[in-house]
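Written below as structure tokens is the structure these notes are about.
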Amino acid sequence: MPDLSINFCGIRSPNPFWLASGPPTNTAYQVMRAFDAGWGGAVWKTIGEPIINTASRYGSIDLKNERMMGLNNIELISDRPVDVNLREIAEVKKRFPHHTVVASLMVESKRETWHDIVRRAEDSGADLLELNFGCPHGMSERGMGAAVGQVPEYATMITSWVKEVAKTPVIVKLTPNVTDIAHMAVAAKNGNADAVSLVNTFNSIVGVDLDSYAPRPAVAGRGSHGGYCGPAVKPIALHMVSSVAKTVDIPISGIGGIGNWRDAVEFMLLGATSVQVCTAAMHYGFRIVRDMIEGLENYLEDKGFASAMDIVGKSTPRIDDWGNLDLNYKIVAKIDAEKCIGCNLCYIACEDGAHQCIRVDERPSGDLRHGVDLRHVPLVLEDECVGCNLCALVCPVPGCIHMAEIDTGRPHMSWKQLQEARGKSPQCSMEDAGWRRLDETPKCFEGSWRPRRSRCHRRLTRTC
């Protein structure tokens with residue numbers, strides 16, 4: 001059986017599945033129940049000067065039958081005294097010495113205040129410290145959270161203050177509400193951070209009540225911006241994790257829309273050593289970790305990996321600049337006539353929203369009783385198809401439309417290579433350097449292309 005344990009900054013964890021700092025990690029009772037369920041670690045709900053929360057605190061976006069596709073919250077850090085939280089951390093570590101407990105910290109931006117909270121957190125027995133530089137609401141207005149995480153100099157300064165006294169590894173939790181999160185990861189590393197976690201929640205207003213006109217969630221008819229999370233943010237979080245992984249060489253704890261083992265594996269493939277879950281645990285409970293553990297074990301075994309650590313960052317080298325992608329790679333849509341139900345969604349999507357590469361004939365008339373074949377299968381105009389995938393994405397029948405690679409016989413050519421060719425020969429046009437192969441090689445660039453007119457003769461389309 002594959003080894004699911006991970007090594008995060010020298011700290012061993014039974015598996016990469018951690019609960020993120022939030023409502024599910026507010027008390028020792030919850031954390032211990034989570035560990036009994038199978039979670040490998042937990043990041044304690046952020047500890048600092050106790051606050052007063054509002055009611056209500058959550059709002060969500062649903063997608064058809066999927067509840068809480070996106071969750072917005074205006075809840076702040078722990079409303080319990082620091083001593084109570086630290087005492088409970090100590091109790092959890094006594095009962096679960098082999099599980100990972102991370103103390104999430106947020107205090108005012110004073111060196112002595114940070115020194116004090118760090119020493120007290122370490123005395124409680126926490127395995128790691130997470131500096132919350134990401135909270136986008138409530139605390140940022142008080143000069144903490146994202147107010148620190150959005151300014152590289154502040155993030156570096158406070159991280160360095162913590163590292164002056166910390167004996168345990170320090171994680172900096174990054175806010176996604178910046179232009180370039182990799183730049184903030186560099187700032188954390190410049191402050192000697194041992195690791196980073198990302199992403200925290202996205203600044204948002206989840207919706208507006210059309211009758212009361214108040215933003216949701218509403219507090220006595222008023223609302224505020226909050227932090228957005230859940231499945232809806234996963235694609236953005238994956239991009240940010242991969243960006244950080246390619247920029248700084250320190251461990252990453254991935255966060256953002258993780259709800260099952262597949263999500264977790266994607267984050268790990270893009271560079272995360274551990275993954276943190278919050279919204280899914282709030283929605284479905286701690287039990288979801290059982291499927292995560294089983295799914296990861298099966299995946300590792302099927303792929304021939306001995307350890308969960310073996311997949312960390314395996315996809316990172318495949319994330320490249322757009323300018324390095326092969327412009328001569330060609331795929332076209334193929335429709336399986338036996339599976340097609342004749343709904344024409346592929347045609348509508350292509351005709352109205354894409355490249356007009358699918359044709360439909362009039363529906364056949366007749367009666368099945370008379371032996372008439374009433375199947376109505378759209379036709380892909382393969383010479384026109386640009387391989388955008390839209391038809392396959394909208395098709396409601398699994399496997400009915402697939403994208404097939406076409407061997408063009410053309411050499412790899414990226415945008416950067418095209419620009420280089422133009423630099424060597426300024427007279428080289430896009431038509432010469434980047435389009436259909438000519439019968440005779442242009443003087444400006446070997447292996448070039450020319451434009452062709454589309455079937456509607458109203459535009460020039462690219463053969464890619």
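Letters A, B, ... mark the chains of the structure tokens in the order given; residue numbers begin at 1 per chain; ligand numbers begin at 1, in order shown.
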Surrounding residues of Leu325 (chain A) excluding itself and chain neighbours under 4 positions, 9 Å, only C-alpha atoms, as a PDB file with C-alpha atoms, in the first residue's frame:
```
ATOM      1  CA  ASP A 320       4.566  26.927 -19.652  1.00  0.00           C
ATOM      2  CA  ASP A 321       4.253  30.428 -21.054  1.00  0.00           C
ATOM      3  CA  TYR A 329      -0.518  21.295 -32.943  1.00  0.00           C
ATOM      4  CA  HIS A 412       6.945  22.677 -33.735  1.00  0.00           C
ATOM      5  CA  MET A 413       6.502  26.438 -33.986  1.00  0.00           C
ATOM      6  CA  SER A 414       5.756  28.667 -31.004  1.00  0.00           C
ATOM      7  CA  TRP A 415       4.863  32.342 -30.902  1.00  0.00           C
ATOM      8  CA  LYS A 416       8.342  33.104 -29.603  1.00  0.00           C
TER       9      LYS A 416
END
```
Residues at most 8 Å from region 163-177 of chain A, counting only C-alpha atoms, excluding those fewer than 3 positions away in the same chain, as a PyMOL selection string? chain A and resi 9+115+118-119+122+127-136+146+149-150+159-160+181+184-185+188+191-203+240
Report as an mmCIF file with N, CA and C atoms, in the first residue's frame: the residues of region 4-245 of chain A with a DSSP assignment of helix (DSSP H, G or I), based on the backbone of this structure.
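What follows is the written file states-v2.cif:
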```cif
data_model
loop_
_atom_site.group_PDB
_atom_site.id
_atom_site.type_symbol
_atom_site.label_atom_id
_atom_site.label_comp_id
_atom_site.auth_asym_id
_atom_site.auth_seq_id
_atom_site.Cartn_x
_atom_site.Cartn_y
_atom_site.Cartn_z
ATOM 1 N N PRO A 23 -14.028 27.856 10.674
ATOM 2 C CA PRO A 23 -15.008 27.328 11.630
ATOM 3 C C PRO A 23 -14.801 25.863 12.014
ATOM 4 N N PRO A 24 -14.373 24.964 11.081
ATOM 5 C CA PRO A 24 -14.207 23.559 11.489
ATOM 6 C C PRO A 24 -13.066 23.318 12.473
ATOM 7 N N THR A 25 -12.184 24.307 12.664
ATOM 8 C CA THR A 25 -11.041 24.129 13.578
ATOM 9 C C THR A 25 -11.092 25.128 14.724
ATOM 10 N N ALA A 28 -10.997 22.429 20.282
ATOM 11 C CA ALA A 28 -10.342 21.133 20.423
ATOM 12 C C ALA A 28 -11.323 20.006 20.129
ATOM 13 N N TYR A 29 -12.561 20.160 20.537
ATOM 14 C CA TYR A 29 -13.583 19.146 20.279
ATOM 15 C C TYR A 29 -13.681 18.851 18.778
ATOM 16 N N GLN A 30 -13.734 19.897 17.968
ATOM 17 C CA GLN A 30 -13.851 19.704 16.529
ATOM 18 C C GLN A 30 -12.586 19.080 15.941
ATOM 19 N N VAL A 31 -11.442 19.584 16.337
ATOM 20 C CA VAL A 31 -10.189 19.089 15.780
ATOM 21 C C VAL A 31 -9.975 17.627 16.129
ATOM 22 N N MET A 32 -10.285 17.242 17.360
ATOM 23 C CA MET A 32 -10.103 15.842 17.754
ATOM 24 C C MET A 32 -11.085 14.933 17.020
ATOM 25 N N ARG A 33 -12.301 15.390 16.805
ATOM 26 C CA ARG A 33 -13.252 14.608 16.008
ATOM 27 C C ARG A 33 -12.731 14.450 14.581
ATOM 28 N N ALA A 34 -12.131 15.509 14.055
ATOM 29 C CA ALA A 34 -11.578 15.447 12.697
ATOM 30 C C ALA A 34 -10.436 14.434 12.628
ATOM 31 N N PHE A 35 -9.576 14.442 13.619
ATOM 32 C CA PHE A 35 -8.459 13.491 13.628
ATOM 33 C C PHE A 35 -8.979 12.054 13.752
ATOM 34 N N ASP A 36 -10.012 11.854 14.553
ATOM 35 C CA ASP A 36 -10.614 10.528 14.652
ATOM 36 C C ASP A 36 -11.173 10.087 13.297
ATOM 37 N N ALA A 37 -11.665 11.045 12.511
ATOM 38 C CA ALA A 37 -12.241 10.721 11.204
ATOM 39 C C ALA A 37 -11.173 10.374 10.175
ATOM 40 N N VAL A 82 -7.129 34.022 23.820
ATOM 41 C CA VAL A 82 -5.893 33.384 23.356
ATOM 42 C C VAL A 82 -5.520 32.207 24.248
ATOM 43 N N ASP A 83 -5.590 32.384 25.561
ATOM 44 C CA ASP A 83 -5.196 31.333 26.500
ATOM 45 C C ASP A 83 -6.040 30.071 26.324
ATOM 46 N N VAL A 84 -7.326 30.248 26.057
ATOM 47 C CA VAL A 84 -8.206 29.095 25.879
ATOM 48 C C VAL A 84 -7.804 28.314 24.636
ATOM 49 N N ASN A 85 -7.563 29.024 23.550
ATOM 50 C CA ASN A 85 -7.150 28.358 22.314
ATOM 51 C C ASN A 85 -5.829 27.611 22.488
ATOM 52 N N LEU A 86 -4.865 28.245 23.115
ATOM 53 C CA LEU A 86 -3.553 27.620 23.276
ATOM 54 C C LEU A 86 -3.617 26.420 24.225
ATOM 55 N N ARG A 87 -4.459 26.515 25.241
ATOM 56 C CA ARG A 87 -4.613 25.397 26.158
ATOM 57 C C ARG A 87 -5.233 24.196 25.429
ATOM 58 N N GLU A 88 -6.145 24.470 24.540
ATOM 59 C CA GLU A 88 -6.787 23.385 23.791
ATOM 60 C C GLU A 88 -5.834 22.780 22.760
ATOM 61 N N ILE A 89 -4.968 23.596 22.174
ATOM 62 C CA ILE A 89 -3.947 23.055 21.269
ATOM 63 C C ILE A 89 -3.067 22.063 22.018
ATOM 64 N N ALA A 90 -2.674 22.434 23.226
ATOM 65 C CA ALA A 90 -1.836 21.544 24.042
ATOM 66 C C ALA A 90 -2.549 20.223 24.327
ATOM 67 N N GLU A 91 -3.830 20.302 24.583
ATOM 68 C CA GLU A 91 -4.601 19.095 24.861
ATOM 69 C C GLU A 91 -4.685 18.198 23.631
ATOM 70 N N VAL A 92 -4.910 18.802 22.478
ATOM 71 C CA VAL A 92 -4.984 18.016 21.239
ATOM 72 C C VAL A 92 -3.659 17.321 20.966
ATOM 73 N N LYS A 93 -2.561 18.025 21.155
ATOM 74 C CA LYS A 93 -1.245 17.419 20.886
ATOM 75 C C LYS A 93 -0.947 16.266 21.845
ATOM 76 N N LYS A 94 -1.448 16.347 23.068
ATOM 77 C CA LYS A 94 -1.253 15.243 24.003
ATOM 78 C C LYS A 94 -2.007 13.998 23.547
ATOM 79 N N ARG A 95 -3.200 14.204 23.020
ATOM 80 C CA ARG A 95 -4.029 13.073 22.614
ATOM 81 C C ARG A 95 -3.667 12.566 21.213
ATOM 82 N N ARG A 111 6.582 44.438 16.741
ATOM 83 C CA ARG A 111 7.554 43.358 16.914
ATOM 84 C C ARG A 111 7.347 42.604 18.222
ATOM 85 N N GLU A 112 7.193 43.334 19.315
ATOM 86 C CA GLU A 112 7.071 42.670 20.615
ATOM 87 C C GLU A 112 5.774 41.861 20.730
ATOM 88 N N THR A 113 4.708 42.336 20.056
ATOM 89 C CA THR A 113 3.436 41.596 20.085
ATOM 90 C C THR A 113 3.562 40.282 19.347
ATOM 91 N N TRP A 114 4.226 40.310 18.200
ATOM 92 C CA TRP A 114 4.444 39.076 17.442
ATOM 93 C C TRP A 114 5.378 38.131 18.211
ATOM 94 N N HIS A 115 6.400 38.668 18.812
ATOM 95 C CA HIS A 115 7.304 37.818 19.593
ATOM 96 C C HIS A 115 6.540 37.097 20.705
ATOM 97 N N ASP A 116 5.662 37.813 21.362
ATOM 98 C CA ASP A 116 4.918 37.242 22.478
ATOM 99 C C ASP A 116 3.994 36.113 22.013
ATOM 100 N N ILE A 117 3.197 36.356 20.955
ATOM 101 C CA ILE A 117 2.244 35.338 20.508
ATOM 102 C C ILE A 117 2.965 34.112 19.954
ATOM 103 N N VAL A 118 4.121 34.319 19.317
ATOM 104 C CA VAL A 118 4.887 33.193 18.783
ATOM 105 C C VAL A 118 5.387 32.306 19.924
ATOM 106 N N ARG A 119 5.933 32.903 20.960
ATOM 107 C CA ARG A 119 6.452 32.124 22.086
ATOM 108 C C ARG A 119 5.329 31.343 22.771
ATOM 109 N N ARG A 120 4.196 31.982 22.936
ATOM 110 C CA ARG A 120 3.075 31.324 23.607
ATOM 111 C C ARG A 120 2.520 30.181 22.761
ATOM 112 N N ALA A 121 2.468 30.384 21.451
ATOM 113 C CA ALA A 121 1.971 29.333 20.560
ATOM 114 C C ALA A 121 2.911 28.130 20.566
ATOM 115 N N GLU A 122 4.204 28.402 20.565
ATOM 116 C CA GLU A 122 5.174 27.303 20.589
ATOM 117 C C GLU A 122 5.126 26.559 21.927
ATOM 118 N N ASP A 123 4.891 27.275 23.008
ATOM 119 C CA ASP A 123 4.779 26.628 24.312
ATOM 120 C C ASP A 123 3.584 25.676 24.387
ATOM 121 N N SER A 140 -8.482 43.362 7.958
ATOM 122 C CA SER A 140 -7.633 44.209 7.111
ATOM 123 C C SER A 140 -7.884 45.686 7.385
ATOM 124 N N GLU A 141 -9.126 46.013 7.743
ATOM 125 C CA GLU A 141 -9.425 47.401 8.082
ATOM 126 C C GLU A 141 -8.742 47.826 9.383
ATOM 127 N N ARG A 142 -8.252 46.841 10.147
ATOM 128 C CA ARG A 142 -7.564 47.121 11.404
ATOM 129 C C ARG A 142 -6.043 47.031 11.243
ATOM 130 N N ALA A 146 -4.972 40.883 5.217
ATOM 131 C CA ALA A 146 -4.585 41.266 3.861
ATOM 132 C C ALA A 146 -3.895 42.620 3.808
ATOM 133 N N ALA A 147 -4.110 43.463 4.826
ATOM 134 C CA ALA A 147 -3.413 44.753 4.848
ATOM 135 C C ALA A 147 -1.906 44.547 4.920
ATOM 136 N N VAL A 148 -1.490 43.435 5.515
ATOM 137 C CA VAL A 148 -0.066 43.065 5.541
ATOM 138 C C VAL A 148 0.298 42.291 4.283
ATOM 139 N N GLY A 149 -0.564 41.343 3.921
ATOM 140 C CA GLY A 149 -0.256 40.460 2.808
ATOM 141 C C GLY A 149 -0.279 41.104 1.444
ATOM 142 N N PRO A 152 4.428 43.915 0.020
ATOM 143 C CA PRO A 152 5.595 43.031 0.152
ATOM 144 C C PRO A 152 6.519 43.410 1.297
ATOM 145 N N GLU A 153 6.761 44.691 1.479
ATOM 146 C CA GLU A 153 7.680 45.131 2.531
ATOM 147 C C GLU A 153 7.155 44.771 3.922
ATOM 148 N N TYR A 154 5.832 44.927 4.120
ATOM 149 C CA TYR A 154 5.239 44.571 5.410
ATOM 150 C C TYR A 154 5.324 43.062 5.641
ATOM 151 N N ALA A 155 5.002 42.294 4.609
ATOM 152 C CA ALA A 155 5.040 40.836 4.747
ATOM 153 C C ALA A 155 6.441 40.356 5.094
ATOM 154 N N THR A 156 7.435 40.918 4.433
ATOM 155 C CA THR A 156 8.824 40.542 4.721
ATOM 156 C C THR A 156 9.211 40.941 6.139
ATOM 157 N N MET A 157 8.829 42.137 6.535
ATOM 158 C CA MET A 157 9.206 42.667 7.843
ATOM 159 C C MET A 157 8.613 41.825 8.971
ATOM 160 N N ILE A 158 7.308 41.559 8.915
ATOM 161 C CA ILE A 158 6.676 40.830 10.010
ATOM 162 C C ILE A 158 7.131 39.377 10.033
ATOM 163 N N THR A 159 7.318 38.784 8.868
ATOM 164 C CA THR A 159 7.843 37.416 8.832
ATOM 165 C C THR A 159 9.218 37.353 9.487
ATOM 166 N N SER A 160 10.036 38.345 9.206
ATOM 167 C CA SER A 160 11.382 38.366 9.808
ATOM 168 C C SER A 160 11.309 38.563 11.325
ATOM 169 N N TRP A 161 10.339 39.346 11.798
ATOM 170 C CA TRP A 161 10.153 39.488 13.246
ATOM 171 C C TRP A 161 9.844 38.127 13.876
ATOM 172 N N VAL A 162 8.931 37.391 13.231
ATOM 173 C CA VAL A 162 8.548 36.079 13.749
ATOM 174 C C VAL A 162 9.742 35.133 13.765
ATOM 175 N N LYS A 163 10.521 35.168 12.704
ATOM 176 C CA LYS A 163 11.658 34.253 12.592
ATOM 177 C C LYS A 163 12.771 34.587 13.591
ATOM 178 N N GLU A 164 12.739 35.793 14.156
ATOM 179 C CA GLU A 164 13.737 36.149 15.171
ATOM 180 C C GLU A 164 13.614 35.273 16.415
ATOM 181 N N VAL A 165 12.390 34.799 16.702
ATOM 182 C CA VAL A 165 12.175 34.045 17.934
ATOM 183 C C VAL A 165 11.626 32.638 17.698
ATOM 184 N N ILE A 181 0.637 36.962 -7.026
ATOM 185 C CA ILE A 181 0.826 36.278 -5.740
ATOM 186 C C ILE A 181 2.228 35.700 -5.616
ATOM 187 N N ALA A 182 2.862 35.368 -6.743
ATOM 188 C CA ALA A 182 4.238 34.856 -6.681
ATOM 189 C C ALA A 182 5.181 35.916 -6.112
ATOM 190 N N HIS A 183 4.892 37.177 -6.416
ATOM 191 C CA HIS A 183 5.702 38.274 -5.877
ATOM 192 C C HIS A 183 5.601 38.306 -4.357
ATOM 193 N N MET A 184 4.403 38.023 -3.825
ATOM 194 C CA MET A 184 4.221 38.005 -2.380
ATOM 195 C C MET A 184 4.893 36.780 -1.756
ATOM 196 N N ALA A 185 4.942 35.685 -2.497
ATOM 197 C CA ALA A 185 5.653 34.507 -2.000
ATOM 198 C C ALA A 185 7.146 34.795 -1.879
ATOM 199 N N VAL A 186 7.670 35.543 -2.827
ATOM 200 C CA VAL A 186 9.076 35.949 -2.764
ATOM 201 C C VAL A 186 9.303 36.826 -1.532
ATOM 202 N N ALA A 187 8.341 37.723 -1.260
ATOM 203 C CA ALA A 187 8.460 38.592 -0.082
ATOM 204 C C ALA A 187 8.480 37.767 1.193
ATOM 205 N N ALA A 188 7.641 36.731 1.256
ATOM 206 C CA ALA A 188 7.629 35.858 2.435
ATOM 207 C C ALA A 188 8.962 35.131 2.576
ATOM 208 N N LYS A 189 9.476 34.635 1.483
ATOM 209 C CA LYS A 189 10.768 33.941 1.543
ATOM 210 C C LYS A 189 11.885 34.892 1.939
ATOM 211 N N ASN A 190 11.797 36.142 1.485
ATOM 212 C CA ASN A 190 12.805 37.131 1.875
ATOM 213 C C ASN A 190 12.788 37.392 3.378
ATOM 214 N N PRO A 231 -15.785 25.510 -4.204
ATOM 215 C CA PRO A 231 -15.412 24.925 -5.497
ATOM 216 C C PRO A 231 -15.197 25.948 -6.601
ATOM 217 N N ALA A 232 -15.922 27.065 -6.558
ATOM 218 C CA ALA A 232 -15.826 28.055 -7.628
ATOM 219 C C ALA A 232 -14.438 28.678 -7.751
ATOM 220 N N VAL A 233 -13.654 28.694 -6.673
ATOM 221 C CA VAL A 233 -12.345 29.363 -6.731
ATOM 222 C C VAL A 233 -11.209 28.408 -7.089
ATOM 223 N N LYS A 234 -11.503 27.120 -7.214
ATOM 224 C CA LYS A 234 -10.435 26.141 -7.417
ATOM 225 C C LYS A 234 -9.558 26.430 -8.639
ATOM 226 N N PRO A 235 -10.121 26.734 -9.818
ATOM 227 C CA PRO A 235 -9.241 26.982 -10.964
ATOM 228 C C PRO A 235 -8.260 28.132 -10.750
ATOM 229 N N ILE A 236 -8.715 29.185 -10.064
ATOM 230 C CA ILE A 236 -7.830 30.325 -9.810
ATOM 231 C C ILE A 236 -6.761 29.929 -8.796
ATOM 232 N N ALA A 237 -7.173 29.164 -7.795
ATOM 233 C CA ALA A 237 -6.218 28.710 -6.778
ATOM 234 C C ALA A 237 -5.155 27.805 -7.393
ATOM 235 N N LEU A 238 -5.558 26.913 -8.309
ATOM 236 C CA LEU A 238 -4.590 26.040 -8.970
ATOM 237 C C LEU A 238 -3.546 26.851 -9.733
ATOM 238 N N HIS A 239 -4.015 27.870 -10.441
ATOM 239 C CA HIS A 239 -3.082 28.722 -11.174
ATOM 240 C C HIS A 239 -2.102 29.399 -10.225
ATOM 241 N N MET A 240 -2.608 29.923 -9.112
ATOM 242 C CA MET A 240 -1.741 30.641 -8.183
ATOM 243 C C MET A 240 -0.732 29.708 -7.520
ATOM 244 N N VAL A 241 -1.168 28.496 -7.166
ATOM 245 C CA VAL A 241 -0.236 27.528 -6.583
ATOM 246 C C VAL A 241 0.867 27.191 -7.579
ATOM 247 N N SER A 242 0.502 26.960 -8.833
ATOM 248 C CA SER A 242 1.521 26.628 -9.842
ATOM 249 C C SER A 242 2.472 27.789 -10.063
ATOM 250 N N SER A 243 1.953 29.014 -10.016
ATOM 251 C CA SER A 243 2.792 30.193 -10.199
ATOM 252 C C SER A 243 3.818 30.315 -9.081
ATOM 253 N N VAL A 244 3.372 30.087 -7.845
ATOM 254 C CA VAL A 244 4.288 30.150 -6.704
ATOM 255 C C VAL A 244 5.309 29.019 -6.779
ATOM 256 N N ALA A 245 4.840 27.822 -7.141
ATOM 257 C CA ALA A 245 5.735 26.659 -7.203
ATOM 258 C C ALA A 245 6.860 26.866 -8.211
#
```
Which residues are close to Lys314 (chain A), i.e. within 10 Å by only C-alpha atoms, leaving aside same-chain residues fewer than 6 positions away? Reply as a count of residues only. 5
Could you pull out all residues of region 91-213 of chain A with a DSSP call of strand (DSSP E) and give them as a PyMOL selection string? chain A and resi 100-105+128-132+170-173+195-198+202-204
Keeping only C-alpha atoms, write those residues as an mmCIF file, in the first residue's frame.
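Listed below is the output, selection.cif:
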```cif
data_model
loop_
_atom_site.group_PDB
_atom_site.id
_atom_site.type_symbol
_atom_site.label_atom_id
_atom_site.label_comp_id
_atom_site.auth_asym_id
_atom_site.auth_seq_id
_atom_site.Cartn_x
_atom_site.Cartn_y
_atom_site.Cartn_z
ATOM 1 C CA THR A 100 -0.076 17.926 12.655
ATOM 2 C CA VAL A 101 -1.445 20.923 14.538
ATOM 3 C CA VAL A 102 -0.745 24.349 13.078
ATOM 4 C CA ALA A 103 -1.329 27.512 15.097
ATOM 5 C CA SER A 104 -2.685 30.279 12.870
ATOM 6 C CA LEU A 105 -1.743 33.695 14.243
ATOM 7 C CA LEU A 128 3.984 24.778 12.875
ATOM 8 C CA LEU A 129 2.968 28.424 12.873
ATOM 9 C CA GLU A 130 0.857 29.966 10.111
ATOM 10 C CA LEU A 131 0.916 33.758 9.819
ATOM 11 C CA ASN A 132 -2.461 34.893 8.538
ATOM 12 C CA VAL A 170 6.787 29.274 9.894
ATOM 13 C CA ILE A 171 4.178 29.269 7.118
ATOM 14 C CA VAL A 172 3.007 32.541 5.578
ATOM 15 C CA LYS A 173 -0.606 32.421 4.376
ATOM 16 C CA ALA A 195 6.736 27.657 3.688
ATOM 17 C CA VAL A 196 3.688 29.381 2.232
ATOM 18 C CA SER A 197 0.004 28.457 2.159
ATOM 19 C CA LEU A 198 -2.406 29.690 -0.490
ATOM 20 C CA PHE A 202 -11.148 36.317 -2.402
ATOM 21 C CA ASN A 203 -12.633 39.732 -1.677
ATOM 22 C CA SER A 204 -16.248 39.594 -2.803
#
```
Leaving out region 394-401 of chain A and any residue of its chain fewer than 5 positions from it, which residues lie within 6 Å of it when counting only C-alpha atoms, given as JSON, numbers by chain? {"A": [334, 335, 336, 339]}
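Counting only C-alpha atoms, the residue from A:Gly223, A:Gly259, A:Pro217, A:Gly313 that sits nearest to Arg287 (chain A) is A:Gly259.
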Mind giving me the straight-line distance from CA of Tyr347 (chain A) to CA of Pro378 (chain A) in Å, one decimal?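 Taking CA of Tyr347 (chain A) and CA of Pro378 (chain A), their separation equals 6.9 Å.
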